[in-house]
file upload_39.txt (compact mmCIF, C-alpha atoms)
# COMPACT_ATOMS: atom_id res chain seq x y z
CA MET A 1 102.01 137.28 48.91
CA THR A 2 99.39 134.56 49.51
CA MET A 3 100.65 131.47 51.26
CA THR A 4 99.93 128.01 49.79
CA ASP A 5 97.88 125.61 51.91
CA LEU A 6 100.94 123.42 52.29
CA ALA A 7 103.08 126.35 53.50
CA GLN A 8 100.31 127.14 56.00
CA LYS A 9 100.31 123.55 57.29
CA VAL A 10 104.12 123.45 57.64
CA LEU A 11 104.04 126.78 59.43
CA SER A 12 101.38 125.55 61.83
CA ILE A 13 103.43 122.42 62.67
CA SER A 14 106.66 124.41 63.03
CA THR A 15 105.09 127.06 65.27
CA ALA A 16 104.40 124.37 67.88
CA TYR A 17 108.18 123.76 68.08
CA LEU A 18 109.69 127.13 67.27
CA GLY A 19 107.13 129.65 68.45
CA PRO A 20 106.11 132.86 66.66
CA ALA A 21 109.46 133.19 64.86
CA ALA A 22 108.82 129.91 63.00
CA LYS A 23 107.92 131.73 59.78
CA MET A 24 111.17 133.67 59.88
CA PHE A 25 113.06 130.39 60.36
CA LEU A 26 111.22 128.60 57.52
CA ALA A 27 111.75 131.53 55.16
CA ARG A 28 115.45 131.43 55.96
CA GLN A 29 115.64 127.69 55.20
CA THR A 30 113.87 128.00 51.83
CA LYS A 31 115.92 131.07 50.93
CA TYR A 32 119.31 129.53 51.65
CA HIS A 33 118.72 125.84 50.98
CA LEU A 34 115.94 125.72 48.36
CA GLN A 35 117.44 128.01 45.74
CA GLY A 36 115.99 131.22 47.09
CA LEU A 37 112.43 129.94 47.14
CA GLU A 38 109.90 132.29 48.77
CA TYR A 39 108.47 130.32 51.67
CA GLU A 40 104.90 131.28 50.68
CA GLN A 41 105.39 129.38 47.41
CA LEU A 42 106.27 126.06 49.09
CA GLN A 43 105.15 122.96 47.15
CA LYS A 44 105.15 119.23 47.87
CA GLU A 45 108.36 118.61 45.89
CA HIS A 46 110.24 120.91 48.30
CA LEU A 47 109.20 119.06 51.41
CA ASN A 48 111.93 116.40 51.51
CA GLU A 49 114.70 118.95 51.25
CA LEU A 50 112.99 121.31 53.69
CA SER A 51 112.48 118.45 56.14
CA LYS A 52 116.22 117.63 55.99
CA TRP A 53 117.16 121.22 56.74
CA LEU A 54 114.58 121.55 59.46
CA PHE A 55 116.44 118.80 61.25
CA ILE A 56 119.93 120.18 60.62
CA SER A 57 119.21 123.83 61.38
CA GLY A 58 116.51 123.04 63.96
CA SER A 59 119.02 121.03 66.02
CA LEU A 60 120.98 124.25 66.55
CA ILE A 61 117.98 125.93 68.12
CA ILE A 62 115.96 123.21 69.83
CA GLU A 63 116.72 119.75 71.24
CA LYS A 64 117.89 117.25 68.64
CA ASP A 65 115.02 114.83 69.24
CA LYS A 66 112.49 117.64 68.93
CA ALA A 67 114.08 118.80 65.70
CA GLN A 68 113.88 115.21 64.47
CA GLU A 69 110.20 115.08 65.43
CA LEU A 70 109.49 118.34 63.55
CA SER A 71 111.41 117.13 60.52
CA GLN A 72 109.46 113.85 60.41
CA LEU A 73 106.10 115.61 60.77
CA VAL A 74 106.93 117.87 57.82
CA ALA A 75 108.23 114.92 55.76
CA LYS A 76 104.92 113.13 56.33
CA LEU A 77 103.11 115.89 54.42
CA ALA A 78 104.97 114.92 51.24
CA MET B 1 118.64 126.47 106.19
CA SER B 2 116.04 129.13 105.39
CA ARG B 3 116.28 128.14 101.71
CA PHE B 4 115.66 124.51 102.71
CA PHE B 5 112.45 125.42 104.56
CA HIS B 6 111.25 127.67 101.75
CA SER B 7 111.95 125.17 98.97
CA LEU B 8 109.02 123.70 97.11
CA LYS B 9 110.39 120.19 97.71
CA THR B 10 110.36 120.63 101.51
CA LYS B 11 106.91 122.19 101.46
CA LEU B 12 105.47 119.46 99.22
CA THR B 13 107.05 116.61 101.18
CA LEU B 14 106.11 118.05 104.57
CA SER B 15 102.51 118.75 103.54
CA PHE B 16 102.05 115.22 102.23
CA VAL B 17 103.70 113.62 105.25
CA VAL B 18 101.55 115.68 107.65
CA LEU B 19 98.46 114.76 105.63
CA ILE B 20 99.37 111.08 105.69
CA LEU B 21 100.10 111.22 109.43
CA LEU B 22 96.73 112.86 110.09
CA ILE B 23 94.81 110.38 107.97
CA SER B 24 96.67 107.37 109.30
CA GLY B 25 96.35 108.66 112.89
CA MET B 26 92.60 108.93 112.52
CA ALA B 27 92.46 105.55 110.80
CA PHE B 28 94.54 104.06 113.64
CA LEU B 29 92.31 105.48 116.38
CA TYR B 30 89.14 104.32 114.67
CA THR B 31 90.49 100.86 113.80
CA PHE B 32 92.02 100.34 117.22
CA ASN B 33 88.83 101.34 119.05
CA GLU B 34 86.65 99.18 116.84
CA THR B 35 89.07 96.26 117.19
CA LYS B 36 89.14 96.66 120.97
CA LYS B 37 85.35 96.62 121.08
CA ALA B 38 85.16 93.63 118.76
CA LEU B 39 87.80 91.76 120.76
CA LYS B 40 85.98 92.40 124.04
CA GLU B 41 82.70 91.32 122.49
CA GLN B 42 84.36 88.15 121.22
CA MET B 43 85.75 87.48 124.72
CA ARG B 44 82.32 88.02 126.26
CA THR B 45 80.72 85.62 123.78
CA GLU B 46 83.44 83.05 124.40
CA LEU B 47 83.08 83.34 128.19
CA MET B 48 79.30 82.97 128.00
CA ALA B 49 79.66 79.93 125.73
CA VAL B 50 82.13 78.23 128.11
CA ALA B 51 79.94 79.03 131.15
CA SER B 52 76.83 77.67 129.38
CA ALA B 53 78.64 74.48 128.33
CA ILE B 54 79.70 73.82 131.94
CA ALA B 55 76.31 74.75 133.43
CA VAL B 56 74.42 72.11 131.43
CA ASN B 57 76.81 69.45 132.73
CA ILE B 58 76.14 70.26 136.39
CA ASP B 59 73.23 68.52 138.10
CA GLY B 60 71.25 71.41 139.54
CA ASP B 61 69.48 69.19 142.08
CA VAL B 62 72.82 68.02 143.50
CA HIS B 63 74.24 71.56 143.41
CA ALA B 64 71.25 72.90 145.32
CA LYS B 65 71.89 70.48 148.21
CA ILE B 66 75.52 71.49 148.81
CA LYS B 67 75.80 73.43 152.07
CA PRO B 68 78.66 75.02 154.06
CA GLY B 69 81.13 72.40 155.28
CA ASP B 70 80.39 69.95 152.41
CA GLU B 71 83.81 70.48 150.78
CA GLY B 72 84.67 66.78 151.25
CA ILE B 73 81.50 65.15 149.95
CA PRO B 74 81.51 63.30 146.59
CA ALA B 75 78.90 65.64 145.03
CA PHE B 76 81.13 68.67 145.72
CA ARG B 77 84.23 66.87 144.44
CA ALA B 78 82.44 65.74 141.26
CA ILE B 79 81.40 69.30 140.40
CA ALA B 80 84.89 70.60 141.30
CA ARG B 81 86.47 67.99 138.98
CA THR B 82 84.17 69.07 136.11
CA LEU B 83 85.17 72.70 136.61
CA LEU B 84 88.89 71.89 136.85
CA LYS B 85 88.82 69.80 133.66
CA VAL B 86 87.39 72.73 131.70
CA GLN B 87 89.86 75.17 133.29
CA GLU B 88 92.80 72.92 132.39
CA ALA B 89 91.58 72.69 128.81
CA ASN B 90 91.36 76.50 128.44
CA ASP B 91 94.65 78.28 129.15
CA HIS B 92 93.15 81.74 129.10
CA ILE B 93 90.57 80.98 131.82
CA THR B 94 91.81 82.00 135.26
CA TYR B 95 88.96 80.87 137.55
CA ILE B 96 85.79 78.77 137.24
CA TYR B 97 83.33 78.52 140.13
CA THR B 98 79.66 78.13 140.96
CA MET B 99 77.49 80.46 143.04
CA ARG B 100 74.07 80.57 144.57
CA LYS B 101 71.77 83.56 144.92
CA THR B 102 70.93 84.78 148.43
CA GLY B 103 68.48 87.65 148.59
CA GLU B 104 70.13 90.56 146.73
CA GLY B 105 73.61 89.00 146.85
CA ALA B 106 75.45 85.81 145.93
CA VAL B 107 77.57 83.23 147.75
CA PHE B 108 80.18 80.78 146.46
CA VAL B 109 79.26 77.11 146.28
CA VAL B 110 82.04 75.26 144.43
CA ASP B 111 85.43 76.90 143.93
CA PRO B 112 88.08 74.34 142.88
CA ASP B 113 90.99 76.83 143.11
CA ASP B 114 94.12 75.14 144.53
CA GLU B 115 95.65 78.16 146.24
CA GLU B 116 92.94 80.32 147.70
CA PRO B 117 89.51 78.64 147.27
CA ALA B 118 86.38 80.46 148.44
CA LYS B 119 84.48 78.52 151.08
CA ILE B 120 80.94 77.26 150.53
CA GLY B 121 78.61 80.10 151.55
CA GLU B 122 81.31 82.80 151.36
CA ILE B 123 79.66 86.05 150.30
CA TYR B 124 80.83 87.65 147.08
CA GLU B 125 81.00 91.40 147.62
CA GLU B 126 81.44 92.75 144.06
CA ILE B 127 78.15 91.51 142.63
CA ASN B 128 76.96 93.46 139.57
CA ASP B 129 73.95 93.50 137.23
CA GLU B 130 75.57 91.18 134.67
CA MET B 131 76.26 88.59 137.38
CA LEU B 132 72.68 88.83 138.67
CA ALA B 133 71.42 88.41 135.11
CA GLY B 134 73.62 85.30 134.88
CA PHE B 135 71.32 83.50 137.33
CA GLU B 136 68.58 83.65 134.66
CA LYS B 137 70.38 83.56 131.29
CA PRO B 138 73.93 83.54 129.92
CA SER B 139 75.56 86.88 130.56
CA ALA B 140 78.99 88.53 130.66
CA ASP B 141 80.54 91.62 132.25
CA ASN B 142 80.52 94.72 130.05
CA GLU B 143 83.56 96.15 131.82
CA TYR B 144 86.45 94.66 133.79
CA VAL B 145 85.58 93.95 137.43
CA THR B 146 88.20 94.20 140.17
CA ASP B 147 87.85 92.12 143.34
CA GLN B 148 90.19 90.58 145.91
CA TRP B 149 91.41 88.01 143.33
CA GLY B 150 92.29 90.51 140.62
CA THR B 151 90.77 92.26 137.61
CA PHE B 152 88.67 90.09 135.33
CA LEU B 153 86.20 89.93 132.52
CA SER B 154 83.66 87.23 133.51
CA GLY B 155 80.97 85.18 131.83
CA TYR B 156 78.01 83.58 133.61
CA ALA B 157 75.37 80.92 132.87
CA PRO B 158 72.55 79.60 135.06
CA ILE B 159 72.55 76.11 136.65
CA ARG B 160 69.05 74.65 136.52
CA ASP B 161 67.47 71.83 138.53
CA SER B 162 65.35 69.04 137.06
CA LEU B 163 62.32 71.34 137.05
CA GLY B 164 64.17 74.00 135.09
CA ASN B 165 64.45 76.44 138.00
CA SER B 166 67.66 78.42 138.39
CA VAL B 167 69.56 77.15 141.45
CA GLY B 168 72.88 78.93 140.85
CA LEU B 169 75.34 79.99 138.22
CA VAL B 170 78.67 79.04 136.74
CA GLY B 171 81.18 81.90 136.63
CA VAL B 172 84.16 81.90 134.27
CA ASP B 173 86.87 84.55 134.80
CA MET B 174 89.41 85.69 132.28
CA SER B 175 92.21 87.90 133.56
CA SER B 176 92.21 91.43 132.19
CA LYS B 177 95.93 90.95 131.45
CA GLU B 178 95.00 88.34 128.86
CA VAL B 179 92.53 90.65 127.10
CA ILE B 180 94.81 93.69 127.37
CA ALA B 181 97.73 91.66 125.98
CA ARG B 182 95.62 90.74 122.95
CA GLN B 183 94.55 94.38 122.52
CA LYS B 184 98.18 95.49 122.79
CA PHE B 185 99.23 92.98 120.17
CA ILE B 186 96.58 94.28 117.77
CA GLY B 187 97.49 97.91 118.58
CA ASN B 188 101.18 97.25 117.96
CA THR B 189 100.43 95.46 114.71
CA ILE B 190 98.35 98.42 113.49
CA TYR B 191 101.13 100.83 114.61
CA LEU B 192 103.67 98.79 112.67
CA ILE B 193 101.55 98.63 109.52
CA ILE B 194 100.81 102.38 109.64
CA GLY B 195 104.47 103.17 110.44
CA ILE B 196 105.70 101.18 107.43
CA ALA B 197 102.98 102.75 105.23
CA VAL B 198 103.96 106.29 106.33
CA LEU B 199 107.67 105.61 105.71
CA PHE B 200 106.93 104.11 102.31
CA ALA B 201 104.57 106.98 101.40
CA GLY B 202 107.16 109.53 102.58
CA PHE B 203 109.79 107.89 100.40
CA ILE B 204 107.48 107.87 97.35
CA ILE B 205 106.52 111.53 97.97
CA LEU B 206 110.19 112.47 98.31
CA LEU B 207 110.96 110.78 94.99
CA PHE B 208 107.89 112.29 93.31
CA SER B 209 108.51 115.83 94.54
CA GLY B 210 112.21 115.35 93.76
CA THR B 211 111.53 114.73 90.06
CA ILE B 212 109.17 117.72 89.85
CA ILE B 213 111.58 120.03 91.61
CA LYS B 214 114.52 118.75 89.57
CA ASP B 215 112.77 119.78 86.34
CA VAL B 216 111.58 123.11 87.80
CA ASN B 217 115.20 123.81 88.75
CA ARG B 218 116.39 122.91 85.22
CA LEU B 219 113.75 125.22 83.79
CA ASN B 220 114.96 127.92 86.15
CA ARG B 221 118.60 127.41 85.15
CA VAL B 222 117.76 127.64 81.42
CA ALA B 223 115.67 130.79 82.02
CA ASN B 224 118.53 132.31 83.98
CA LYS B 225 121.06 131.60 81.23
CA ILE B 226 118.79 133.05 78.52
CA SER B 227 118.09 136.10 80.67
CA MET B 228 121.86 136.62 80.85
CA GLY B 229 122.20 136.44 77.04
CA ASP B 230 123.36 132.83 76.71
CA MET B 231 121.39 131.63 73.67
CA GLU B 232 123.21 128.29 73.36
CA VAL B 233 121.11 126.56 76.01
CA LYS B 234 118.35 124.15 75.03
CA MET B 235 115.21 123.04 76.83
CA ASP B 236 115.74 119.32 77.45
CA ILE B 237 112.76 118.58 79.68
CA ARG B 238 110.47 115.83 78.35
CA ARG B 239 107.38 115.36 80.51
CA HIS B 240 103.76 114.67 79.71
CA ASP B 241 102.31 116.84 82.47
CA GLU B 242 101.86 120.53 83.31
CA ILE B 243 105.59 120.98 83.86
CA GLY B 244 106.19 119.42 80.44
CA ASP B 245 103.70 121.91 78.94
CA LEU B 246 105.46 124.76 80.70
CA ALA B 247 108.83 123.55 79.42
CA ASP B 248 107.43 123.27 75.87
CA SER B 249 106.05 126.82 76.03
CA PHE B 250 109.32 128.05 77.41
CA GLY B 251 111.24 126.13 74.76
CA ARG B 252 109.14 127.73 72.00
CA MET B 253 109.75 131.15 73.49
CA ALA B 254 113.50 130.52 73.70
CA ALA B 255 113.62 129.13 70.13
CA SER B 256 111.80 132.19 68.78
CA LEU B 257 114.13 134.45 70.67
CA LYS B 258 117.15 132.66 69.19
CA ILE B 259 115.76 132.88 65.63
CA MET B 260 115.04 136.59 66.04
CA MET B 261 118.48 137.26 67.51
CA MET B 262 120.15 135.34 64.68
CA GLU B 263 118.10 137.33 62.15
CA HIS B 264 118.95 140.55 63.94
CA LYS B 265 122.68 139.72 63.95
CA GLU B 266 122.57 138.96 60.24
CA THR B 267 120.71 142.21 59.44
CA GLU B 268 123.21 144.17 61.55
CA GLY B 269 126.11 142.56 59.68
CA LYS B 270 124.77 143.66 56.23
CA PRO B 271 125.78 147.04 54.84
CA GLU B 272 122.96 149.63 54.87
CA GLN B 273 121.23 149.95 51.51
CA GLY B 274 119.24 152.66 49.73
CA LYS B 275 119.58 155.39 52.27
call {"tool": "encode", "arguments": {"input": "upload_39.txt", "output": "structure tokens"}}
result
Amino acid sequence: MTMTDLAQKVLSISTAYLGPAAKMFLARQTKYHLQGLEYEQLQKEHLNELSKWLFISGSLIIEKDKAQELSQLVAKLA
Amino acid sequence: MSRFFHSLKTKLTLSFVVLILLISGMAFLYTFNETKKALKEQMRTELMAVASAIAVNIDGDVHAKIKPGDEGIPAFRAIARTLLKVQEANDHITYIYTMRKTGEGAVFVVDPDDEEPAKIGEIYEEINDEMLAGFEKPSADNEYVTDQWGTFLSGYAPIRDSLGNSVGLVGVDMSSKEVIARQKFIGNTIYLIIGIAVLFAGFIILLFSGTIIKDVNRLNRVANKISMGDMEVKMDIRRHDEIGDLADSFGRMAASLKIMMMEHKETEGKPEQGK
């Protein structure tokens, strides 16, 4: 499936924080928290919700302030 | 103990301290030598200036007529008084006297010293090139000269008669102790400044290497925990240098590992399908 430009941008930002498994992480967030959305189909209207979950779930994996940073960077794309 | 000597902190601190000691040692030697030279040159200039100032106030015609046994005559006493006045006004001057040239040597003419004055016509044994030059133009010893009165740095200036001919010289002696004491003071001051600088630099280096090593150790602890399967640890190093970059890379690696392990656990937990 072709990835939207926005999904590509979010992935690029997230990779800097989460490494090569970022796509797996993002797909998991959209699947469980954005009504089963395929990550590749990410649109602007999903960004606020995704940003919120990037902070919540990201805090379990990386430092809280880094998760906050990632969340804000993604929210800025909206 | 072995761990202490092999630690990065010890190596960093020791290397910087040795480097600072080497640089400051060389700086000290150079500065001290140059200061010593400059101080001696300043003393020589000062001695020549004092000798010249006295020489122009001595009547060369009168000085030329003083002969052995004239210690009591008014002309001798007048010159002696002039010399004493200058000596009293300059604490660091030990002796002031006048001399006359005789062939290749020199003899004392007026020596106002209270304790052990040289007699008129008494030969001075330790004559050197600078003293001989002093009969023609202001001059000063390049090195300390030791004679029966002690070790001195001396300045000389010619006494001229009414026709402008040299008829003697004024000698001004400064004790070597005075010059050496000044050199010692400067040396000690430089030692003190360098000592404080080295201590301060050592302290700064210790702090600096301490912060680097502290973060390297944290990085090491996190790596150890992850290597032992503890995926709950987080990389909490925030630096804007190479160690910060390393921590970020490591943090990304650890985060990816956690995501993949979580995914793996979830896949393992699901029942197998379509087989």
call {"tool": "interface_residues", "arguments": {"input": "upload_39.txt", "of": "chain A", "to": "chain B", "cutoff": "10 Å", "atoms": "all atoms listed in the file", "output": "short mmCIF file (atom, residue, chain, number, x, y, z; two decimals) with C-alpha atoms, in the coordinates of the input"}}
result
data_model
loop_
_atom_site.label_atom_id
_atom_site.label_comp_id
_atom_site.auth_asym_id
_atom_site.auth_seq_id
_atom_site.Cartn_x
_atom_site.Cartn_y
_atom_site.Cartn_z
CA SER A 14 106.66 124.41 63.03
CA THR A 15 105.09 127.06 65.27
CA ALA A 16 104.40 124.37 67.88
CA TYR A 17 108.18 123.76 68.08
CA LEU A 18 109.69 127.13 67.27
CA GLY A 19 107.13 129.65 68.45
CA PRO A 20 106.11 132.86 66.66
CA ALA A 21 109.46 133.19 64.86
CA ALA A 22 108.82 129.91 63.00
CA LYS A 23 107.92 131.73 59.78
CA MET A 24 111.17 133.67 59.88
CA PHE A 25 113.06 130.39 60.36
CA ARG A 28 115.45 131.43 55.96
CA GLY A 58 116.51 123.04 63.96
CA SER A 59 119.02 121.03 66.02
CA LEU A 60 120.98 124.25 66.55
CA ILE A 61 117.98 125.93 68.12
CA ILE A 62 115.96 123.21 69.83
CA GLU A 63 116.72 119.75 71.24
CA LYS A 64 117.89 117.25 68.64
CA ASP A 65 115.02 114.83 69.24
CA LYS A 66 112.49 117.64 68.93
#
call {"tool": "closest_residue", "arguments": {"input": "upload_39.txt", "among": "B:Phe200, B:Phe208, B:Phe32, B:Phe16", "to": "Arg182 of chain B", "atoms": "all atoms listed in the file"}}
result
B:Phe32
call {"tool": "residues_around", "arguments": {"input": "upload_39.txt", "residues": "segment 61-72 of chain B", "least_positions_apart": "4", "cutoff": "8 Å", "atoms": "all atoms listed in the file", "output": "list in words"}}
result
Phe76, Arg77, Val109, Lys119, Ile120, Gly121, Arg160, Asp161, Ser162, Val167 and Gly168 of chain B
call {"tool": "write_last_selection", "arguments": {"input": "upload_39.txt", "atoms": "C-alpha atoms", "output": "PDB file, in the frame of the given file"}}
result
ATOM      1  CA  PHE B  76      81.130  68.670 145.720  1.00  0.00           C
ATOM      2  CA  ARG B  77      84.230  66.870 144.440  1.00  0.00           C
ATOM      3  CA  VAL B 109      79.260  77.110 146.280  1.00  0.00           C
ATOM      4  CA  LYS B 119      84.480  78.520 151.080  1.00  0.00           C
ATOM      5  CA  ILE B 120      80.940  77.260 150.530  1.00  0.00           C
ATOM      6  CA  GLY B 121      78.610  80.100 151.550  1.00  0.00           C
ATOM      7  CA  ARG B 160      69.050  74.650 136.520  1.00  0.00           C
ATOM      8  CA  ASP B 161      67.470  71.830 138.530  1.00  0.00           C
ATOM      9  CA  SER B 162      65.350  69.040 137.060  1.00  0.00           C
ATOM     10  CA  VAL B 167      69.560  77.150 141.450  1.00  0.00           C
ATOM     11  CA  GLY B 168      72.880  78.930 140.850  1.00  0.00           C
TER      12      GLY B 168
END
call {"tool": "closest_residue", "arguments": {"input": "upload_39.txt", "among": "B:Lys265, B:Ile226, B:Thr151, B:Val216", "to": "Ala247 of chain B", "atoms": "only C-alpha atoms"}}
result
B:Val216
call {"tool": "atom_distance", "arguments": {"input": "upload_39.txt", "atom1": "atom CA of Glu40 of chain A", "atom2": "atom CA of Thr2 of chain A"}}
result
6.5 Å
call {"tool": "atom_distance", "arguments": {"input": "upload_39.txt", "atom1": "atom CA of Leu169 of chain B", "atom2": "atom CA of Asp91 of chain B"}}
result
21.4 Å
call {"tool": "atom_distance", "arguments": {"input": "upload_39.txt", "atom1": "atom CA of Gln68 of chain A", "atom2": "atom CA of Glu49 of chain A"}}
result
13.8 Å
call {"tool": "residues_around", "arguments": {"input": "upload_39.txt", "residues": "Gly25 of chain B", "least_positions_apart": "4", "cutoff": "12 Å", "atoms": "only C-alpha atoms", "output": "ChimeraX atom specification"}}
result
/B:17-21,29-32,190-191,193-195,197-198
call {"tool": "residues_around", "arguments": {"input": "upload_39.txt", "residues": "Asp173 of chain B", "least_positions_apart": "3", "cutoff": "10 Å", "atoms": "all atoms listed in the file", "output": "list in words"}}
result
Leu47, Ala51, Gln87, His92, Ile93, Thr94, Tyr95, Ile96, Tyr97, Ala140, Asp141, Val145, Gly150, Thr151, Phe152, Leu153, Ser154, Gly155, Tyr156 and Ser176 of chain B
call {"tool": "write_last_selection", "arguments": {"input": "upload_39.txt", "atoms": "C-alpha atoms", "output": "mmCIF file, in the frame of the given file"}}
result
data_model
loop_
_atom_site.group_PDB
_atom_site.id
_atom_site.type_symbol
_atom_site.label_atom_id
_atom_site.label_comp_id
_atom_site.auth_asym_id
_atom_site.auth_seq_id
_atom_site.Cartn_x
_atom_site.Cartn_y
_atom_site.Cartn_z
ATOM 1 C CA LEU B 47 83.080 83.340 128.190
ATOM 2 C CA ALA B 51 79.940 79.030 131.150
ATOM 3 C CA GLN B 87 89.860 75.170 133.290
ATOM 4 C CA HIS B 92 93.150 81.740 129.100
ATOM 5 C CA ILE B 93 90.570 80.980 131.820
ATOM 6 C CA THR B 94 91.810 82.000 135.260
ATOM 7 C CA TYR B 95 88.960 80.870 137.550
ATOM 8 C CA ILE B 96 85.790 78.770 137.240
ATOM 9 C CA TYR B 97 83.330 78.520 140.130
ATOM 10 C CA ALA B 140 78.990 88.530 130.660
ATOM 11 C CA ASP B 141 80.540 91.620 132.250
ATOM 12 C CA VAL B 145 85.580 93.950 137.430
ATOM 13 C CA GLY B 150 92.290 90.510 140.620
ATOM 14 C CA THR B 151 90.770 92.260 137.610
ATOM 15 C CA PHE B 152 88.670 90.090 135.330
ATOM 16 C CA LEU B 153 86.200 89.930 132.520
ATOM 17 C CA SER B 154 83.660 87.230 133.510
ATOM 18 C CA GLY B 155 80.970 85.180 131.830
ATOM 19 C CA TYR B 156 78.010 83.580 133.610
ATOM 20 C CA SER B 176 92.210 91.430 132.190
#
